[in-house]
Amino acid sequence: MLTVDLDKLALEPGQLCLDVGCGEGRHTLAAYLREGVHALGIDWSEQDVGTAAGRIADMQPHAPAGHISFAAGDATALPLGDGTVDVVIASEILEHIPNYLTVLEEAKRVLKQGGRLCISVPRQWPEWVCWQLSEGYRNTPGGHIRIFDATHLRREVTRQGFVFGGQGSAHALHVPYWWLKCLFWRWDPEPWLVRTYHKLLVWDLMRRPWMTRTLDALLNPIMGKSVVLYFTKQDDDKTPPPETAP
């Protein structure tokens, strides 16, 4: 289940793609399947990194000549040299980190001039509904500590020296699942209705029928759970254009 559209990142053979806060490696593994791409996933959780590394063998029969690795690390202090990375993905992590601006600064530091940055965060209004429905959802240790306004975040990133390159959205059909989960959070974490909807999502992921894919595509601009922002690192000797509201 990918949130980021890798086609928009224009990955080329020999390039290094860094997936910051990679979790169990979904975007790292997908980047590895691109021709000749070197994919690196870094996450704070050693358990998630171990799970991700265990999936490499499943990808290798299908992967072109490239390289993939996972490591435990801190998104606010990346263990990489300046200007060594072609693409940075930061999908669904900024809402977890108190000083998220440090993550943006680190992404800029490790990216080459003209490198691409992709960020995804939960969409503001569906996330707000989750917070209203369940105190447990917003107070879960390691959970979401803020709700982003995508326009504000976009301006913050451009102030760091990036040029905005486009916006997308994903996972509209997942929004009702989280609303239901939050609604029943206090009484039953997995009631029948939540389990049934989860089965529907798994079926959709595996089968990808035209009906649900079309519905998801139509709803994504309105209620896609994730907002995806694409940027390019500005040359140091150029001044980024001022960000304007859409």
# chains A, B, ... in the order shown; residues from 1 in each chain; ligands from 1
>>> residues_around(residues="A:Gly142", least_positions_apart="2", cutoff="10 Å", atoms="only C-alpha atoms", output="list in words")
Glu95, His96, Ile97, Arg138, Asn139, Thr140, His144 and Ile145 of chain A
>>> select_by_dssp(residues="stretch 11-176 of chain A", states="helix (DSSP H, G or I)", output="PyMOL selection string")
chain A and resi 26-32+46-53+56-62+94-96+100-110+124-133+135-139+150-159+172-176
>>> atom_distance(atom1="atom CA of A:Lys8", atom2="atom CA of A:Ser69")
22.5 Å
>>> atom_distance(atom1="atom CA of A:Leu183", atom2="atom CA of A:Ser226")
20.0 Å
>>> select_by_dssp(residues="stretch 57-228 of chain A", states="strand (DSSP E or B)", output="ChimeraX atom specification")
/A:67-72,74,77,85-91,111-122,162-170,226-228
>>> write_last_selection(atoms="C-alpha atoms", output="short mmCIF file (atom, residue, chain, number, x, y, z; two decimals), in the first residue's frame")
data_model
loop_
_atom_site.label_atom_id
_atom_site.label_comp_id
_atom_site.auth_asym_id
_atom_site.auth_seq_id
_atom_site.Cartn_x
_atom_site.Cartn_y
_atom_site.Cartn_z
CA HIS A 67 20.77 -2.29 -3.69
CA ILE A 68 18.63 -2.10 -0.57
CA SER A 69 19.40 -1.80 3.11
CA PHE A 70 17.70 -0.83 6.35
CA ALA A 71 19.14 0.76 9.48
CA ALA A 72 17.91 2.08 12.80
CA ASP A 74 17.12 9.24 14.00
CA ALA A 77 20.22 13.40 12.92
CA VAL A 85 21.10 11.54 -1.55
CA ASP A 86 19.03 11.97 -4.72
CA VAL A 87 15.53 11.45 -3.27
CA VAL A 88 14.17 11.68 0.28
CA ILE A 89 10.79 10.25 1.22
CA ALA A 90 9.26 11.27 4.56
CA SER A 91 5.88 9.58 4.56
CA LEU A 111 20.00 15.97 -0.56
CA LYS A 112 22.02 16.86 -3.62
CA GLN A 113 21.29 20.08 -5.47
CA GLY A 114 18.17 19.43 -7.50
CA GLY A 115 17.29 16.42 -5.33
CA ARG A 116 13.65 15.58 -4.72
CA LEU A 117 11.78 15.54 -1.43
CA CYS A 118 8.38 13.90 -0.91
CA ILE A 119 6.37 14.42 2.26
CA SER A 120 3.02 12.95 3.23
CA VAL A 121 0.95 13.80 6.29
CA PRO A 122 -2.63 13.04 7.39
CA PHE A 162 12.71 23.85 -1.59
CA VAL A 163 10.59 24.51 -4.66
CA PHE A 164 7.07 23.13 -4.58
CA GLY A 165 6.43 20.68 -7.41
CA GLY A 166 2.92 19.38 -6.91
CA GLN A 167 0.42 17.78 -4.57
CA GLY A 168 -1.51 14.53 -4.44
CA SER A 169 -3.62 12.53 -2.03
CA ALA A 170 -4.25 8.91 -1.18
CA SER A 226 -2.92 11.38 3.27
CA VAL A 227 -1.85 14.60 1.56
CA VAL A 228 1.32 14.13 -0.48
#
>>> closest_residue(among="A:Asp216, A:Glu135, A:Glu127, A:Asp149", to="A:Arg186", atoms="only C-alpha atoms")
A:Glu135
>>> residues_around(residues="A:Trp179", least_positions_apart="2", cutoff="10 Å", atoms="only C-alpha atoms", output="number ranges by chain")
A: 126-127, 129-134, 174-177, 181-185, 194
>>> closest_residue(among="A:Arg159, A:His62, A:Arg123, A:Arg208", to="A:Arg146", atoms="only C-alpha atoms")
A:Arg123
>>> residues_around(residues="A:Leu218", least_positions_apart="5", cutoff="12 Å", atoms="only C-alpha atoms", output="list in words")
Ser169, Ala170, His171, Ala172, Leu173, Met211, Thr212, Arg213, Met223 and Gly224 of chain A
>>> write_last_selection(atoms="C-alpha atoms", output="tab-separated table (two decimals), in the first residue's frame")
chain	number	residue	atom	x	y	z
A	169	SER	CA	-3.62	12.53	-2.03
A	170	ALA	CA	-4.25	8.91	-1.18
A	171	HIS	CA	-6.28	6.37	0.81
A	172	ALA	CA	-9.74	7.95	0.90
A	173	LEU	CA	-11.33	4.56	1.58
A	211	MET	CA	-15.23	-0.07	-8.64
A	212	THR	CA	-13.33	0.63	-5.40
A	213	ARG	CA	-10.30	2.00	-7.30
A	223	MET	CA	-11.03	13.14	1.82
A	224	GLY	CA	-7.89	11.20	0.99
>>> closest_residue(among="A:Glu12, A:Gly36, A:Trp44, A:Gly136", to="A:Pro64", atoms="only C-alpha atoms")
A:Gly36
